[in-house]
$ cat run.txt   # compact mmCIF, N, CA and C atoms
# COMPACT_ATOMS: atom_id res chain seq x y z
N ALA T 1 16.83 -0.33 -12.89
CA ALA T 1 17.69 0.64 -12.23
C ALA T 1 19.05 0.01 -11.93
N ALA T 2 19.06 -1.26 -11.53
CA ALA T 2 20.33 -1.91 -11.21
C ALA T 2 21.20 -2.03 -12.46
N ALA T 3 20.58 -2.34 -13.60
CA ALA T 3 21.33 -2.47 -14.84
C ALA T 3 21.91 -1.12 -15.26
N ALA T 4 21.13 -0.05 -15.07
CA ALA T 4 21.62 1.28 -15.42
C ALA T 4 22.79 1.67 -14.52
N GLU T 5 22.69 1.32 -13.23
CA GLU T 5 23.76 1.63 -12.29
C GLU T 5 25.04 0.90 -12.67
N GLU T 6 24.92 -0.39 -13.05
CA GLU T 6 26.10 -1.16 -13.44
C GLU T 6 26.69 -0.61 -14.73
N ALA T 7 25.83 -0.22 -15.66
CA ALA T 7 26.31 0.35 -16.93
C ALA T 7 27.06 1.65 -16.67
N CYS T 8 26.60 2.45 -15.71
CA CYS T 8 27.30 3.70 -15.36
C CYS T 8 28.68 3.37 -14.82
N CYS T 9 28.77 2.35 -13.98
CA CYS T 9 30.05 1.97 -13.38
C CYS T 9 31.02 1.48 -14.44
N GLN T 10 30.50 0.91 -15.52
CA GLN T 10 31.36 0.43 -16.60
C GLN T 10 31.66 1.54 -17.60
N GLY T 11 31.16 2.73 -17.36
CA GLY T 11 31.44 3.87 -18.23
C GLY T 11 30.57 3.92 -19.48
N LEU T 12 29.50 3.12 -19.51
CA LEU T 12 28.64 3.11 -20.70
C LEU T 12 27.65 4.26 -20.71
N TYR T 13 27.32 4.78 -19.56
CA TYR T 13 26.36 5.88 -19.44
C TYR T 13 26.94 6.94 -18.51
N PRO T 14 26.45 8.15 -18.59
CA PRO T 14 26.95 9.21 -17.70
C PRO T 14 26.75 8.86 -16.23
N ALA T 15 27.68 9.31 -15.40
CA ALA T 15 27.61 9.04 -13.96
C ALA T 15 26.37 9.62 -13.33
N THR T 16 25.79 10.66 -13.94
CA THR T 16 24.57 11.25 -13.36
C THR T 16 23.42 10.26 -13.35
N TRP T 17 23.47 9.25 -14.18
CA TRP T 17 22.41 8.24 -14.18
C TRP T 17 22.40 7.46 -12.87
N ILE T 18 23.56 7.29 -12.24
CA ILE T 18 23.61 6.62 -10.94
C ILE T 18 22.78 7.43 -9.95
N HIS T 19 22.94 8.74 -10.00
CA HIS T 19 22.17 9.59 -9.10
C HIS T 19 20.68 9.49 -9.40
N LEU T 20 20.32 9.38 -10.68
CA LEU T 20 18.93 9.22 -11.07
C LEU T 20 18.38 7.91 -10.54
N ALA T 21 19.15 6.83 -10.66
CA ALA T 21 18.71 5.53 -10.15
C ALA T 21 18.52 5.58 -8.64
N THR T 22 19.42 6.26 -7.93
CA THR T 22 19.28 6.40 -6.48
C THR T 22 18.05 7.22 -6.16
N TYR T 23 17.82 8.29 -6.91
CA TYR T 23 16.64 9.13 -6.70
C TYR T 23 15.37 8.31 -6.86
N VAL T 24 15.32 7.47 -7.89
CA VAL T 24 14.14 6.65 -8.14
C VAL T 24 13.89 5.71 -6.96
N ARG T 25 14.93 5.10 -6.42
CA ARG T 25 14.77 4.21 -5.27
C ARG T 25 14.25 4.97 -4.05
N ILE T 26 14.86 6.11 -3.79
CA ILE T 26 14.42 6.91 -2.64
C ILE T 26 12.98 7.38 -2.85
N SER T 27 12.67 7.77 -4.06
CA SER T 27 11.32 8.22 -4.38
C SER T 27 10.31 7.11 -4.13
N ASN T 28 10.65 5.90 -4.53
CA ASN T 28 9.73 4.78 -4.30
C ASN T 28 9.56 4.48 -2.82
N TYR T 29 10.62 4.64 -2.04
CA TYR T 29 10.51 4.46 -0.59
C TYR T 29 9.58 5.52 0.00
N LEU T 30 9.77 6.77 -0.42
CA LEU T 30 8.91 7.84 0.07
C LEU T 30 7.46 7.64 -0.36
N CYS T 31 7.26 7.17 -1.57
CA CYS T 31 5.90 6.90 -2.04
C CYS T 31 5.27 5.77 -1.23
N LEU T 32 6.04 4.75 -0.88
CA LEU T 32 5.53 3.67 -0.03
C LEU T 32 5.09 4.25 1.31
N SER T 33 5.91 5.12 1.88
CA SER T 33 5.57 5.73 3.16
C SER T 33 4.29 6.53 3.05
N GLU T 34 4.14 7.28 1.97
CA GLU T 34 2.92 8.06 1.76
C GLU T 34 1.71 7.14 1.62
N GLU T 35 1.85 6.09 0.86
CA GLU T 35 0.73 5.16 0.67
C GLU T 35 0.35 4.46 1.97
N MET T 36 1.34 4.17 2.81
CA MET T 36 1.04 3.59 4.13
C MET T 36 0.20 4.56 4.95
N GLY T 37 0.50 5.84 4.86
CA GLY T 37 -0.30 6.85 5.54
C GLY T 37 -1.72 6.88 5.02
N GLU T 38 -1.87 6.79 3.71
CA GLU T 38 -3.20 6.77 3.11
C GLU T 38 -3.97 5.51 3.51
N LEU T 39 -3.27 4.38 3.59
CA LEU T 39 -3.90 3.15 4.05
C LEU T 39 -4.35 3.31 5.50
N GLY T 40 -3.50 3.90 6.33
CA GLY T 40 -3.87 4.15 7.72
C GLY T 40 -5.11 5.01 7.83
N HIS T 41 -5.21 6.02 6.97
CA HIS T 41 -6.40 6.87 6.97
C HIS T 41 -7.65 6.07 6.64
N GLU T 42 -7.56 5.22 5.63
CA GLU T 42 -8.71 4.40 5.22
C GLU T 42 -9.09 3.40 6.31
N LEU T 43 -8.09 2.80 6.97
CA LEU T 43 -8.39 1.88 8.07
C LEU T 43 -9.05 2.62 9.23
N GLY T 44 -8.59 3.82 9.50
CA GLY T 44 -9.23 4.63 10.54
C GLY T 44 -10.68 4.90 10.20
N GLN T 45 -10.95 5.18 8.93
CA GLN T 45 -12.33 5.40 8.48
C GLN T 45 -13.16 4.14 8.69
N LEU T 46 -12.59 2.99 8.38
CA LEU T 46 -13.28 1.71 8.59
C LEU T 46 -13.65 1.54 10.06
N TRP T 47 -12.68 1.75 10.94
CA TRP T 47 -12.92 1.53 12.37
C TRP T 47 -13.90 2.55 12.94
N ARG T 48 -13.85 3.80 12.45
CA ARG T 48 -14.83 4.80 12.91
C ARG T 48 -16.24 4.40 12.49
N GLU T 49 -16.36 3.93 11.24
CA GLU T 49 -17.67 3.50 10.73
C GLU T 49 -18.18 2.29 11.51
N GLU T 50 -17.30 1.33 11.78
CA GLU T 50 -17.69 0.15 12.55
C GLU T 50 -18.19 0.56 13.94
N ASN T 51 -17.46 1.45 14.60
CA ASN T 51 -17.87 1.90 15.94
C ASN T 51 -19.20 2.65 15.90
N ALA T 52 -19.40 3.47 14.87
CA ALA T 52 -20.66 4.21 14.74
C ALA T 52 -21.82 3.24 14.58
N LEU T 53 -21.64 2.20 13.79
CA LEU T 53 -22.70 1.21 13.59
C LEU T 53 -23.00 0.45 14.88
N ARG T 54 -21.95 0.13 15.63
CA ARG T 54 -22.18 -0.53 16.93
C ARG T 54 -22.96 0.37 17.87
N GLU T 55 -22.62 1.65 17.89
CA GLU T 55 -23.33 2.59 18.74
C GLU T 55 -24.79 2.74 18.34
N GLN T 56 -25.08 2.45 17.07
CA GLN T 56 -26.46 2.48 16.58
C GLN T 56 -27.20 1.18 16.90
N GLY T 57 -26.49 0.23 17.52
CA GLY T 57 -27.13 -1.00 17.97
C GLY T 57 -26.88 -2.22 17.12
N GLN T 58 -26.08 -2.11 16.06
CA GLN T 58 -25.78 -3.30 15.26
C GLN T 58 -24.84 -4.21 16.03
N PRO T 59 -25.04 -5.52 15.94
CA PRO T 59 -24.09 -6.45 16.56
C PRO T 59 -22.70 -6.28 15.94
N ALA T 60 -21.66 -6.60 16.72
CA ALA T 60 -20.27 -6.40 16.29
C ALA T 60 -19.95 -7.05 14.94
N PRO T 61 -20.26 -8.33 14.74
CA PRO T 61 -19.90 -8.93 13.45
C PRO T 61 -20.61 -8.24 12.27
N GLN T 62 -21.85 -7.87 12.46
CA GLN T 62 -22.60 -7.21 11.39
C GLN T 62 -22.07 -5.80 11.13
N SER T 63 -21.72 -5.09 12.21
CA SER T 63 -21.20 -3.73 12.01
C SER T 63 -19.85 -3.77 11.29
N LEU T 64 -19.02 -4.74 11.61
CA LEU T 64 -17.74 -4.88 10.91
C LEU T 64 -17.98 -5.18 9.43
N GLN T 65 -18.87 -6.11 9.15
CA GLN T 65 -19.13 -6.48 7.75
C GLN T 65 -19.70 -5.31 6.96
N THR T 66 -20.62 -4.57 7.56
CA THR T 66 -21.21 -3.42 6.88
C THR T 66 -20.14 -2.37 6.61
N ALA T 67 -19.30 -2.09 7.60
CA ALA T 67 -18.23 -1.11 7.43
C ALA T 67 -17.24 -1.57 6.36
N LEU T 68 -16.89 -2.85 6.37
CA LEU T 68 -15.99 -3.39 5.34
C LEU T 68 -16.59 -3.24 3.95
N ASP T 69 -17.88 -3.53 3.84
CA ASP T 69 -18.55 -3.39 2.53
C ASP T 69 -18.47 -1.96 2.03
N GLN T 70 -18.56 -1.00 2.95
CA GLN T 70 -18.51 0.41 2.57
C GLN T 70 -17.09 0.88 2.24
N CYS T 71 -16.09 0.30 2.88
CA CYS T 71 -14.71 0.79 2.76
C CYS T 71 -13.81 -0.10 1.92
N ARG T 72 -14.29 -1.25 1.51
CA ARG T 72 -13.44 -2.25 0.86
C ARG T 72 -12.73 -1.71 -0.38
N GLN T 73 -13.43 -0.99 -1.22
CA GLN T 73 -12.82 -0.53 -2.46
C GLN T 73 -11.66 0.43 -2.19
N SER T 74 -11.84 1.37 -1.27
CA SER T 74 -10.76 2.32 -1.00
C SER T 74 -9.59 1.64 -0.29
N ILE T 75 -9.87 0.72 0.62
CA ILE T 75 -8.80 -0.02 1.30
C ILE T 75 -8.04 -0.89 0.29
N SER T 76 -8.79 -1.52 -0.60
CA SER T 76 -8.18 -2.36 -1.63
C SER T 76 -7.23 -1.55 -2.50
N GLY T 77 -7.63 -0.36 -2.89
CA GLY T 77 -6.79 0.50 -3.71
C GLY T 77 -5.51 0.90 -2.99
N GLU T 78 -5.63 1.25 -1.72
CA GLU T 78 -4.44 1.65 -0.96
C GLU T 78 -3.51 0.48 -0.72
N LEU T 79 -4.07 -0.71 -0.45
CA LEU T 79 -3.23 -1.90 -0.29
C LEU T 79 -2.47 -2.20 -1.59
N ALA T 80 -3.15 -2.05 -2.72
CA ALA T 80 -2.51 -2.29 -4.01
C ALA T 80 -1.39 -1.28 -4.26
N ASP T 81 -1.62 -0.01 -3.88
CA ASP T 81 -0.57 1.00 -4.02
C ASP T 81 0.64 0.63 -3.17
N CYS T 82 0.40 0.22 -1.93
CA CYS T 82 1.50 -0.17 -1.04
C CYS T 82 2.26 -1.36 -1.62
N MET T 83 1.51 -2.32 -2.13
CA MET T 83 2.14 -3.52 -2.69
C MET T 83 3.01 -3.17 -3.90
N ALA T 84 2.55 -2.25 -4.73
CA ALA T 84 3.31 -1.86 -5.92
C ALA T 84 4.68 -1.30 -5.52
N TYR T 85 4.69 -0.40 -4.55
CA TYR T 85 5.96 0.20 -4.13
C TYR T 85 6.83 -0.81 -3.37
N LEU T 86 6.22 -1.68 -2.59
CA LEU T 86 6.97 -2.71 -1.87
C LEU T 86 7.64 -3.65 -2.88
N LEU T 87 6.93 -4.03 -3.91
CA LEU T 87 7.51 -4.91 -4.93
C LEU T 87 8.65 -4.22 -5.67
N LYS T 88 8.50 -2.92 -5.95
CA LYS T 88 9.59 -2.19 -6.60
C LYS T 88 10.84 -2.20 -5.73
N LEU T 89 10.66 -1.95 -4.44
CA LEU T 89 11.82 -1.95 -3.54
C LEU T 89 12.45 -3.33 -3.45
N ALA T 90 11.64 -4.37 -3.41
CA ALA T 90 12.17 -5.73 -3.39
C ALA T 90 12.94 -6.03 -4.68
N ASN T 91 12.41 -5.58 -5.80
CA ASN T 91 13.11 -5.79 -7.08
C ASN T 91 14.46 -5.09 -7.10
N TYR T 92 14.54 -3.87 -6.57
CA TYR T 92 15.81 -3.16 -6.54
C TYR T 92 16.86 -3.94 -5.76
N ALA T 93 16.42 -4.61 -4.69
CA ALA T 93 17.34 -5.36 -3.84
C ALA T 93 17.49 -6.81 -4.29
N ASN T 94 16.84 -7.16 -5.40
CA ASN T 94 16.86 -8.52 -5.92
C ASN T 94 16.41 -9.52 -4.86
N ILE T 95 15.30 -9.19 -4.20
CA ILE T 95 14.72 -10.04 -3.16
C ILE T 95 13.46 -10.67 -3.70
N ASP T 96 13.40 -11.99 -3.61
CA ASP T 96 12.17 -12.72 -3.93
C ASP T 96 11.25 -12.56 -2.73
N LEU T 97 10.28 -11.68 -2.84
CA LEU T 97 9.46 -11.32 -1.69
C LEU T 97 8.62 -12.49 -1.19
N GLU T 98 8.17 -13.35 -2.08
CA GLU T 98 7.39 -14.52 -1.64
C GLU T 98 8.25 -15.43 -0.78
N ASN T 99 9.47 -15.73 -1.23
CA ASN T 99 10.36 -16.58 -0.44
C ASN T 99 10.76 -15.91 0.86
N ALA T 100 11.00 -14.60 0.83
CA ALA T 100 11.35 -13.88 2.05
C ALA T 100 10.20 -13.95 3.06
N TYR T 101 8.99 -13.79 2.56
CA TYR T 101 7.81 -13.87 3.43
C TYR T 101 7.68 -15.27 4.06
N LEU T 102 7.79 -16.29 3.23
CA LEU T 102 7.66 -17.66 3.74
C LEU T 102 8.74 -17.98 4.78
N ALA T 103 9.96 -17.54 4.52
CA ALA T 103 11.05 -17.77 5.48
C ALA T 103 10.78 -17.03 6.79
N LYS T 104 10.30 -15.81 6.69
CA LYS T 104 10.02 -15.02 7.89
C LYS T 104 8.88 -15.64 8.70
N MET T 105 7.86 -16.14 8.04
CA MET T 105 6.75 -16.78 8.75
C MET T 105 7.21 -18.05 9.45
N GLN T 106 8.13 -18.79 8.82
CA GLN T 106 8.71 -19.97 9.45
C GLN T 106 9.47 -19.58 10.71
N THR T 107 10.27 -18.53 10.60
CA THR T 107 11.00 -18.02 11.77
C THR T 107 10.04 -17.62 12.88
N ASN T 108 8.98 -16.92 12.51
CA ASN T 108 8.01 -16.46 13.51
C ASN T 108 7.29 -17.62 14.19
N ARG T 109 7.02 -18.69 13.44
CA ARG T 109 6.34 -19.85 14.05
C ARG T 109 7.22 -20.50 15.11
N GLN T 110 8.53 -20.42 14.93
CA GLN T 110 9.45 -21.05 15.88
C GLN T 110 9.85 -20.11 17.01
N ARG T 111 9.47 -18.89 16.92
CA ARG T 111 9.88 -17.86 17.88
C ARG T 111 9.04 -17.94 19.15
N THR T 112 9.66 -17.64 20.26
CA THR T 112 8.95 -17.52 21.52
C THR T 112 8.59 -16.05 21.70
N TRP T 113 7.31 -15.77 21.78
CA TRP T 113 6.85 -14.40 21.87
C TRP T 113 6.70 -13.99 23.33
N ARG T 114 7.27 -12.86 23.64
CA ARG T 114 7.17 -12.31 24.98
C ARG T 114 5.85 -11.57 25.11
N GLU T 115 5.12 -11.85 26.16
CA GLU T 115 3.85 -11.19 26.38
C GLU T 115 4.10 -9.84 27.04
N ASN T 116 3.52 -8.80 26.46
CA ASN T 116 3.68 -7.45 26.99
C ASN T 116 2.33 -6.97 27.48
N THR T 117 2.11 -7.09 28.77
CA THR T 117 0.83 -6.68 29.34
C THR T 117 0.87 -5.25 29.86
N GLU T 118 2.06 -4.66 29.94
CA GLU T 118 2.17 -3.28 30.44
C GLU T 118 1.43 -2.30 29.56
N SER T 119 1.47 -2.49 28.24
CA SER T 119 0.84 -1.54 27.32
C SER T 119 -0.68 -1.63 27.36
N LEU T 120 -1.19 -2.70 27.95
CA LEU T 120 -2.65 -2.87 28.01
C LEU T 120 -3.29 -2.18 29.21
N SER T 121 -2.48 -1.78 30.18
CA SER T 121 -3.05 -1.18 31.38
C SER T 121 -3.19 0.31 31.26
$ encode --input "run.txt" --output "structure tokens"
Amino acid sequence: AAAAEEACCQGLYPATWIHLATYVRISNYLCLSEEMGELGHELGQLWREENALREQGQPAPQSLQTALDQCRQSISGELADCMAYLLKLANYANIDLENAYLAKMQTNRQRTWRENTESLS
């Protein structure tokens, strides 16, 4: 998309292609948002199943593992969908996502985290 946009600016392709490239980027952002919603739905299903198993008397670690075994495939698919759109967006911005992640984790390790106990009450 970036190459097409640059080619449009150089007059090699019609200017409408710039709009198409922008549409594709926005579309991928919207698709990422949709996939995040689908992931949230699957995680909710996982947690509901885990709680149901606990209420049936299963110990917490076992109920989590059983629920994960039941939901893993659908969660895996939604995570993969999210990752695909996230990688597309990173590519549009020419961001090396692995390096960005590592840099951010380094920043977070050095950060002083403020404890927020108000939301727990």
$ atom_distance --input "run.txt" --atom1 "atom CA of T:Tyr85" --atom2 "atom CA of T:Val24"
11.2 Å
$ atom_distance --input "run.txt" --atom1 "atom CA of T:Pro61" --atom2 "atom CA of T:Gln73"
19.3 Å
$ atom_distance --input "run.txt" --atom1 "atom C of T:Gln65" --atom2 "atom N of T:Leu46"
11.0 Å
$ select_by_dssp --input "run.txt" --residues "chain T" --states "helix (DSSP H, G or I)" --output "VMD selection string"
chain T and resid 2 to 9 16 to 55 60 to 92 97 to 110 118 to 120
$ residues_around --input "run.txt" --residues "T:Glu34" --least-positions-apart "3" --cutoff "12 Å" --atoms "only C-alpha atoms" --output "PyMOL selection string"
chain T and resi 27-31+37-41+78-79+81-82+85
$ write_last_selection --input "run.txt" --atoms "N, CA and C atoms" --output "PDB file, in the coordinates of the input"
ATOM      1  N   SER T  27      12.670   7.770  -4.060  1.00  0.00           N
ATOM      2  CA  SER T  27      11.320   8.220  -4.380  1.00  0.00           C
ATOM      3  C   SER T  27      10.310   7.110  -4.130  1.00  0.00           C
ATOM      4  N   ASN T  28      10.650   5.900  -4.530  1.00  0.00           N
ATOM      5  CA  ASN T  28       9.730   4.780  -4.300  1.00  0.00           C
ATOM      6  C   ASN T  28       9.560   4.480  -2.820  1.00  0.00           C
ATOM      7  N   TYR T  29      10.620   4.640  -2.040  1.00  0.00           N
ATOM      8  CA  TYR T  29      10.510   4.460  -0.590  1.00  0.00           C
ATOM      9  C   TYR T  29       9.580   5.520   0.000  1.00  0.00           C
ATOM     10  N   LEU T  30       9.770   6.770  -0.420  1.00  0.00           N
ATOM     11  CA  LEU T  30       8.910   7.840   0.070  1.00  0.00           C
ATOM     12  C   LEU T  30       7.460   7.640  -0.360  1.00  0.00           C
ATOM     13  N   CYS T  31       7.260   7.170  -1.570  1.00  0.00           N
ATOM     14  CA  CYS T  31       5.900   6.900  -2.040  1.00  0.00           C
ATOM     15  C   CYS T  31       5.270   5.770  -1.230  1.00  0.00           C
ATOM     16  N   GLY T  37       0.500   5.840   4.860  1.00  0.00           N
ATOM     17  CA  GLY T  37      -0.300   6.850   5.540  1.00  0.00           C
ATOM     18  C   GLY T  37      -1.720   6.880   5.020  1.00  0.00           C
ATOM     19  N   GLU T  38      -1.870   6.790   3.710  1.00  0.00           N
ATOM     20  CA  GLU T  38      -3.200   6.770   3.110  1.00  0.00           C
ATOM     21  C   GLU T  38      -3.970   5.510   3.510  1.00  0.00           C
ATOM     22  N   LEU T  39      -3.270   4.380   3.590  1.00  0.00           N
ATOM     23  CA  LEU T  39      -3.900   3.150   4.050  1.00  0.00           C
ATOM     24  C   LEU T  39      -4.350   3.310   5.500  1.00  0.00           C
ATOM     25  N   GLY T  40      -3.500   3.900   6.330  1.00  0.00           N
ATOM     26  CA  GLY T  40      -3.870   4.150   7.720  1.00  0.00           C
ATOM     27  C   GLY T  40      -5.110   5.010   7.830  1.00  0.00           C
ATOM     28  N   HIS T  41      -5.210   6.020   6.970  1.00  0.00           N
ATOM     29  CA  HIS T  41      -6.400   6.870   6.970  1.00  0.00           C
ATOM     30  C   HIS T  41      -7.650   6.070   6.640  1.00  0.00           C
ATOM     31  N   GLU T  78      -5.630   1.250  -1.720  1.00  0.00           N
ATOM     32  CA  GLU T  78      -4.440   1.650  -0.960  1.00  0.00           C
ATOM     33  C   GLU T  78      -3.510   0.480  -0.720  1.00  0.00           C
ATOM     34  N   LEU T  79      -4.070  -0.710  -0.450  1.00  0.00           N
ATOM     35  CA  LEU T  79      -3.230  -1.900  -0.290  1.00  0.00           C
ATOM     36  C   LEU T  79      -2.470  -2.200  -1.590  1.00  0.00           C
ATOM     37  N   ASP T  81      -1.620  -0.010  -3.880  1.00  0.00           N
ATOM     38  CA  ASP T  81      -0.570   1.000  -4.020  1.00  0.00           C
ATOM     39  C   ASP T  81       0.640   0.630  -3.170  1.00  0.00           C
ATOM     40  N   CYS T  82       0.400   0.220  -1.930  1.00  0.00           N
ATOM     41  CA  CYS T  82       1.500  -0.170  -1.040  1.00  0.00           C
ATOM     42  C   CYS T  82       2.260  -1.360  -1.620  1.00  0.00           C
ATOM     43  N   TYR T  85       4.690  -0.400  -4.550  1.00  0.00           N
ATOM     44  CA  TYR T  85       5.960   0.200  -4.130  1.00  0.00           C
ATOM     45  C   TYR T  85       6.830  -0.810  -3.370  1.00  0.00           C
TER      46      TYR T  85
END
$ residues_around --input "run.txt" --residues "T:Trp47" --least-positions-apart "5" --cutoff "8 Å" --atoms "only N, CA and C atoms" --output "PyMOL selection string"
chain T and resi 41-42+52-53+67-68
$ closest_residue --input "run.txt" --among "T:Lys88, T:Leu64, T:Glu98, T:Asn116" --to "T:Asn51" --atoms "all atoms listed in the file"
T:Leu64
